[in-house]
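Trainee: Right, I'll just put the structure down here and ask away after.
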Amino acid sequence: MTLNKEELLEFKTTNDGKFLYTRINDFMDYVYQNDLYEYTDDIYDDNGIRDIIRNDIDKSGWERIKYMLQNVENIKCDYLIKDNYGNFNNITNNDINTIIDNIVYDLDKKLGDSYEI
């Protein structure tokens with residue numbers, strides 16, 4: 001597999017970092033097509049979220065689920081990101097830009113390239 005950095009960088013955005021990332025479906029398709037799962041371990045689709053909720057509701061009860069989802073503002077998103085505390089949030093421009101920066105950094109390191117983002 002040859003990863004095209006320019007194609008990847010097209011997913012970055014200069015919009016306000018706190019805004020919802022609007023191209024998440026396209027970005028996740030790109031991740032799947034290029035086997036970049038390791039960079040999106042904290043991003044879950046509806047099925048993954050349901051599995052986590054089922055497990056946590058059995059272990060910890062409804063209160064935990066309520067807290068886990070309290071920061072989700074837009075419920076029409078196909079993907080959510082899980083923070084370090086195990087709570088879900090909508091995916092922002094900052095989230096995706098950071099993931100892309102990490103991919104490019106690792107790619108550059110692997111290739112010995114001095115490409116700057």
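Quick note on naming: the chains in the structure tokens go A, B, ... in the order shown, residues restart at 1 in each chain, and ligands are numbered from 1 in order of appearance.
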Please provide the set of residues having any atom within 12 Å of A:Val72, restricted to only C-alpha atoms, with same-chain residues fewer than 3 positions apart removed, written as a PDB file with C-alpha atoms, in the first residue's frame.
Mentor:
ATOM      1  CA  LEU A  20     -17.925  19.462  14.085  1.00  0.00           C
ATOM      2  CA  ILE A  65     -24.485   5.762  30.198  1.00  0.00           C
ATOM      3  CA  LYS A  66     -26.073   9.144  30.802  1.00  0.00           C
ATOM      4  CA  TYR A  67     -22.716  10.592  31.799  1.00  0.00           C
ATOM      5  CA  MET A  68     -20.938   8.824  28.918  1.00  0.00           C
ATOM      6  CA  LEU A  69     -23.192  10.533  26.360  1.00  0.00           C
ATOM      7  CA  ILE A  75     -26.881  12.854  17.473  1.00  0.00           C
ATOM      8  CA  LYS A  76     -27.093  12.655  13.674  1.00  0.00           C
ATOM      9  CA  CYS A  77     -23.369  11.905  13.334  1.00  0.00           C
ATOM     10  CA  ASP A  78     -22.391   8.438  12.143  1.00  0.00           C
ATOM     11  CA  TYR A  79     -19.260   8.429  14.304  1.00  0.00           C
ATOM     12  CA  LEU A  80     -18.293   9.635  17.753  1.00  0.00           C
ATOM     13  CA  ILE A  81     -14.928   9.873  19.461  1.00  0.00           C
ATOM     14  CA  LYS A  82     -14.211   8.452  22.903  1.00  0.00           C
ATOM     15  CA  ASP A  83     -12.142  10.587  25.270  1.00  0.00           C
ATOM     16  CA  ASN A  87     -17.044   9.365  27.389  1.00  0.00           C
ATOM     17  CA  PHE A  88     -18.222  10.062  23.853  1.00  0.00           C
ATOM     18  CA  ASN A  89     -18.030  13.385  22.035  1.00  0.00           C
ATOM     19  CA  ASN A  90     -18.795  14.631  18.569  1.00  0.00           C
ATOM     20  CA  ILE A  91     -15.736  14.669  16.340  1.00  0.00           C
ATOM     21  CA  THR A  92     -14.277  18.130  15.808  1.00  0.00           C
TER      22      THR A  92
END
Trainee: Please run DSSP on the backbone and report, as a list in words, all residues within stretch 29-92 of chain A that come out as alpha helix (DSSP H).
Mentor: Asp29, Tyr30, Val31, Tyr32, Gln33, Asp46, Asn47, Gly48, Ile49, Arg50, Asp51, Ile52, Ile53, Arg54, Asn55, Asp56, Ile57, Asp58, Lys59, Ser60, Trp62, Glu63, Arg64, Ile65, Lys66, Tyr67, Met68 and Leu69 of chain A
Trainee: With N, CA and C atoms kept, could you save the residues just selected as a PDB file, in the first residue's frame?
Mentor:
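The result, written out as part14.pdb:
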ATOM      1  N   ASP A  29     -13.906   6.369   5.420  1.00  0.00           N
ATOM      2  CA  ASP A  29     -13.750   5.531   4.228  1.00  0.00           C
ATOM      3  C   ASP A  29     -12.277   5.478   3.812  1.00  0.00           C
ATOM      4  N   TYR A  30     -11.622   6.637   3.834  1.00  0.00           N
ATOM      5  CA  TYR A  30     -10.207   6.710   3.494  1.00  0.00           C
ATOM      6  C   TYR A  30      -9.374   5.874   4.477  1.00  0.00           C
ATOM      7  N   VAL A  31      -9.684   5.979   5.754  1.00  0.00           N
ATOM      8  CA  VAL A  31      -8.986   5.196   6.787  1.00  0.00           C
ATOM      9  C   VAL A  31      -9.137   3.713   6.503  1.00  0.00           C
ATOM     10  N   TYR A  32     -10.348   3.264   6.221  1.00  0.00           N
ATOM     11  CA  TYR A  32     -10.595   1.842   5.945  1.00  0.00           C
ATOM     12  C   TYR A  32      -9.870   1.383   4.687  1.00  0.00           C
ATOM     13  N   GLN A  33      -9.917   2.190   3.646  1.00  0.00           N
ATOM     14  CA  GLN A  33      -9.286   1.825   2.377  1.00  0.00           C
ATOM     15  C   GLN A  33      -7.769   1.745   2.482  1.00  0.00           C
ATOM     16  N   ASP A  46     -21.919   3.620  14.946  1.00  0.00           N
ATOM     17  CA  ASP A  46     -23.115   3.304  15.743  1.00  0.00           C
ATOM     18  C   ASP A  46     -23.045   1.917  16.378  1.00  0.00           C
ATOM     19  N   ASN A  47     -22.606   0.924  15.609  1.00  0.00           N
ATOM     20  CA  ASN A  47     -22.550  -0.443  16.144  1.00  0.00           C
ATOM     21  C   ASN A  47     -21.556  -0.554  17.294  1.00  0.00           C
ATOM     22  N   GLY A  48     -20.408   0.067  17.157  1.00  0.00           N
ATOM     23  CA  GLY A  48     -19.422   0.042  18.231  1.00  0.00           C
ATOM     24  C   GLY A  48     -19.918   0.740  19.484  1.00  0.00           C
ATOM     25  N   ILE A  49     -20.611   1.850  19.299  1.00  0.00           N
ATOM     26  CA  ILE A  49     -21.160   2.594  20.434  1.00  0.00           C
ATOM     27  C   ILE A  49     -22.222   1.759  21.140  1.00  0.00           C
ATOM     28  N   ARG A  50     -23.083   1.120  20.373  1.00  0.00           N
ATOM     29  CA  ARG A  50     -24.118   0.259  20.964  1.00  0.00           C
ATOM     30  C   ARG A  50     -23.500  -0.866  21.795  1.00  0.00           C
ATOM     31  N   ASP A  51     -22.444  -1.485  21.263  1.00  0.00           N
ATOM     32  CA  ASP A  51     -21.782  -2.569  21.993  1.00  0.00           C
ATOM     33  C   ASP A  51     -21.216  -2.078  23.326  1.00  0.00           C
ATOM     34  N   ILE A  52     -20.586  -0.912  23.298  1.00  0.00           N
ATOM     35  CA  ILE A  52     -20.022  -0.354  24.527  1.00  0.00           C
ATOM     36  C   ILE A  52     -21.130  -0.022  25.518  1.00  0.00           C
ATOM     37  N   ILE A  53     -22.207   0.562  25.031  1.00  0.00           N
ATOM     38  CA  ILE A  53     -23.321   0.930  25.911  1.00  0.00           C
ATOM     39  C   ILE A  53     -23.949  -0.312  26.534  1.00  0.00           C
ATOM     40  N   ARG A  54     -24.162  -1.343  25.734  1.00  0.00           N
ATOM     41  CA  ARG A  54     -24.729  -2.592  26.274  1.00  0.00           C
ATOM     42  C   ARG A  54     -23.849  -3.145  27.395  1.00  0.00           C
ATOM     43  N   ASN A  55     -22.574  -3.168  27.150  1.00  0.00           N
ATOM     44  CA  ASN A  55     -21.635  -3.690  28.136  1.00  0.00           C
ATOM     45  C   ASN A  55     -21.623  -2.823  29.400  1.00  0.00           C
ATOM     46  N   ASP A  56     -21.539  -1.513  29.219  1.00  0.00           N
ATOM     47  CA  ASP A  56     -21.451  -0.614  30.371  1.00  0.00           C
ATOM     48  C   ASP A  56     -22.745  -0.527  31.159  1.00  0.00           C
ATOM     49  N   ILE A  57     -23.878  -0.625  30.499  1.00  0.00           N
ATOM     50  CA  ILE A  57     -25.145  -0.557  31.234  1.00  0.00           C
ATOM     51  C   ILE A  57     -25.297  -1.784  32.136  1.00  0.00           C
ATOM     52  N   ASP A  58     -24.816  -2.931  31.665  1.00  0.00           N
ATOM     53  CA  ASP A  58     -24.860  -4.139  32.493  1.00  0.00           C
ATOM     54  C   ASP A  58     -23.895  -4.044  33.671  1.00  0.00           C
ATOM     55  N   LYS A  59     -22.738  -3.434  33.445  1.00  0.00           N
ATOM     56  CA  LYS A  59     -21.727  -3.330  34.494  1.00  0.00           C
ATOM     57  C   LYS A  59     -21.996  -2.190  35.467  1.00  0.00           C
ATOM     58  N   SER A  60     -22.360  -1.026  34.933  1.00  0.00           N
ATOM     59  CA  SER A  60     -22.386   0.182  35.757  1.00  0.00           C
ATOM     60  C   SER A  60     -23.741   0.847  35.894  1.00  0.00           C
ATOM     61  N   TRP A  62     -27.481   2.705  34.314  1.00  0.00           N
ATOM     62  CA  TRP A  62     -27.938   3.785  33.448  1.00  0.00           C
ATOM     63  C   TRP A  62     -27.213   5.101  33.710  1.00  0.00           C
ATOM     64  N   GLU A  63     -26.869   5.392  34.953  1.00  0.00           N
ATOM     65  CA  GLU A  63     -26.222   6.658  35.277  1.00  0.00           C
ATOM     66  C   GLU A  63     -24.908   6.814  34.511  1.00  0.00           C
ATOM     67  N   ARG A  64     -24.157   5.736  34.398  1.00  0.00           N
ATOM     68  CA  ARG A  64     -22.889   5.777  33.656  1.00  0.00           C
ATOM     69  C   ARG A  64     -23.141   6.105  32.182  1.00  0.00           C
ATOM     70  N   ILE A  65     -24.169   5.522  31.612  1.00  0.00           N
ATOM     71  CA  ILE A  65     -24.485   5.762  30.198  1.00  0.00           C
ATOM     72  C   ILE A  65     -24.880   7.220  29.988  1.00  0.00           C
ATOM     73  N   LYS A  66     -25.658   7.747  30.889  1.00  0.00           N
ATOM     74  CA  LYS A  66     -26.073   9.144  30.802  1.00  0.00           C
ATOM     75  C   LYS A  66     -24.855  10.064  30.823  1.00  0.00           C
ATOM     76  N   TYR A  67     -23.925   9.790  31.710  1.00  0.00           N
ATOM     77  CA  TYR A  67     -22.716  10.592  31.799  1.00  0.00           C
ATOM     78  C   TYR A  67     -21.843  10.392  30.563  1.00  0.00           C
ATOM     79  N   MET A  68     -21.759   9.162  30.075  1.00  0.00           N
ATOM     80  CA  MET A  68     -20.938   8.824  28.918  1.00  0.00           C
ATOM     81  C   MET A  68     -21.370   9.600  27.664  1.00  0.00           C
ATOM     82  N   LEU A  69     -22.657   9.896  27.562  1.00  0.00           N
ATOM     83  CA  LEU A  69     -23.192  10.533  26.360  1.00  0.00           C
ATOM     84  C   LEU A  69     -23.542  12.011  26.531  1.00  0.00           C
TER      85      LEU A  69
END
Trainee: List every residue of chain A that DSSP, applied to the backbone of this structure, places in strand (DSSP E), and write the result as a PyMOL selection string.
Mentor: chain A and resi 43-45+79-82+88-89
Trainee: With a distance cut-off of 12 Å and only C-alpha atoms, select the neighbouring residues of A:Asn102, excluding the residue or stretch itself and same-chain residues fewer than 3 positions from it, and output the selection as number ranges by chain.
Mentor: A: 5, 8-9, 36, 38-40, 95-99, 105-109, 116-117
Trainee: Go ahead and dump the residues you just picked, N, CA and C atoms, as an mmCIF file, in the first residue's frame.
Mentor:
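See again_10.cif below for the written result:
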data_model
loop_
_atom_site.group_PDB
_atom_site.id
_atom_site.type_symbol
_atom_site.label_atom_id
_atom_site.label_comp_id
_atom_site.auth_asym_id
_atom_site.auth_seq_id
_atom_site.Cartn_x
_atom_site.Cartn_y
_atom_site.Cartn_z
ATOM 1 N N LYS A 5 0.284 11.290 0.671
ATOM 2 C CA LYS A 5 0.178 12.327 1.701
ATOM 3 C C LYS A 5 -0.704 13.493 1.268
ATOM 4 N N LEU A 8 -4.252 12.567 1.720
ATOM 5 C CA LEU A 8 -4.576 12.575 3.146
ATOM 6 C C LEU A 8 -4.734 14.001 3.666
ATOM 7 N N LEU A 9 -3.818 14.882 3.276
ATOM 8 C CA LEU A 9 -3.857 16.262 3.765
ATOM 9 C C LEU A 9 -5.088 17.025 3.291
ATOM 10 N N LEU A 36 -5.622 2.299 8.046
ATOM 11 C CA LEU A 36 -5.091 3.233 9.042
ATOM 12 C C LEU A 36 -5.863 3.160 10.354
ATOM 13 N N GLU A 38 -5.290 1.975 13.232
ATOM 14 C CA GLU A 38 -4.584 2.231 14.484
ATOM 15 C C GLU A 38 -4.668 3.700 14.910
ATOM 16 N N TYR A 39 -4.902 4.588 13.960
ATOM 17 C CA TYR A 39 -4.977 6.016 14.269
ATOM 18 C C TYR A 39 -6.384 6.452 14.674
ATOM 19 N N THR A 40 -7.340 5.584 14.460
ATOM 20 C CA THR A 40 -8.729 5.953 14.763
ATOM 21 C C THR A 40 -9.348 4.995 15.781
ATOM 22 N N ASP A 95 -9.880 17.249 16.267
ATOM 23 C CA ASP A 95 -9.681 15.806 16.393
ATOM 24 C C ASP A 95 -9.094 15.219 15.112
ATOM 25 N N ILE A 96 -9.708 15.546 13.984
ATOM 26 C CA ILE A 96 -9.262 14.986 12.707
ATOM 27 C C ILE A 96 -7.909 15.553 12.312
ATOM 28 N N ASN A 97 -7.697 16.841 12.514
ATOM 29 C CA ASN A 97 -6.395 17.425 12.180
ATOM 30 C C ASN A 97 -5.274 16.774 12.986
ATOM 31 N N THR A 98 -5.528 16.471 14.240
ATOM 32 C CA THR A 98 -4.531 15.805 15.075
ATOM 33 C C THR A 98 -4.253 14.394 14.563
ATOM 34 N N ILE A 99 -5.293 13.670 14.206
ATOM 35 C CA ILE A 99 -5.112 12.309 13.664
ATOM 36 C C ILE A 99 -4.280 12.367 12.381
ATOM 37 N N TYR A 105 3.204 12.336 10.436
ATOM 38 C CA TYR A 105 4.444 12.256 11.214
ATOM 39 C C TYR A 105 5.021 10.839 11.155
ATOM 40 N N ASP A 106 4.185 9.850 11.403
ATOM 41 C CA ASP A 106 4.653 8.461 11.368
ATOM 42 C C ASP A 106 5.088 8.049 9.973
ATOM 43 N N LEU A 107 4.352 8.500 8.977
ATOM 44 C CA LEU A 107 4.714 8.185 7.595
ATOM 45 C C LEU A 107 6.069 8.805 7.246
ATOM 46 N N ASP A 108 6.259 10.056 7.626
ATOM 47 C CA ASP A 108 7.533 10.734 7.364
ATOM 48 C C ASP A 108 8.681 10.044 8.089
ATOM 49 N N LYS A 109 8.437 9.647 9.315
ATOM 50 C CA LYS A 109 9.458 8.969 10.103
ATOM 51 C C LYS A 109 9.834 7.638 9.460
ATOM 52 N N GLU A 116 6.888 18.723 5.914
ATOM 53 C CA GLU A 116 6.245 19.422 7.017
ATOM 54 C C GLU A 116 4.785 19.637 6.696
ATOM 55 N N ILE A 117 3.977 19.541 7.726
ATOM 56 C CA ILE A 117 2.541 19.729 7.582
ATOM 57 C C ILE A 117 2.234 21.213 7.541
#
Trainee: Have a look at A:Glu73, A:Asp42, A:Asp16, A:Glu7 and name the one nearest to A:Gly86; count only C-alpha atoms.
Mentor: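 Looking at the shortest contact to A:Gly86, the residue is A:Asp42.
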Trainee: Quick one: residues within 10 Å of A:Arg23, only C-alpha atoms, excluding same-chain residues fewer than 6 positions away - as an MDAnalysis selection string?
Mentor: chainID A and resid 11:13 93 96
Trainee: Kindly export the residues of the current selection with C-alpha atoms, as a PDB file, in the first residue's frame.
Mentor:
ATOM      1  CA  PHE A  11      -8.980  15.977   4.774  1.00  0.00           C
ATOM      2  CA  LYS A  12      -7.426  18.622   7.026  1.00  0.00           C
ATOM      3  CA  THR A  13      -9.416  21.754   7.601  1.00  0.00           C
ATOM      4  CA  ASN A  93     -11.951  19.597  13.232  1.00  0.00           C
ATOM      5  CA  ILE A  96      -9.262  14.986  12.707  1.00  0.00           C
TER       6      ILE A  96
END
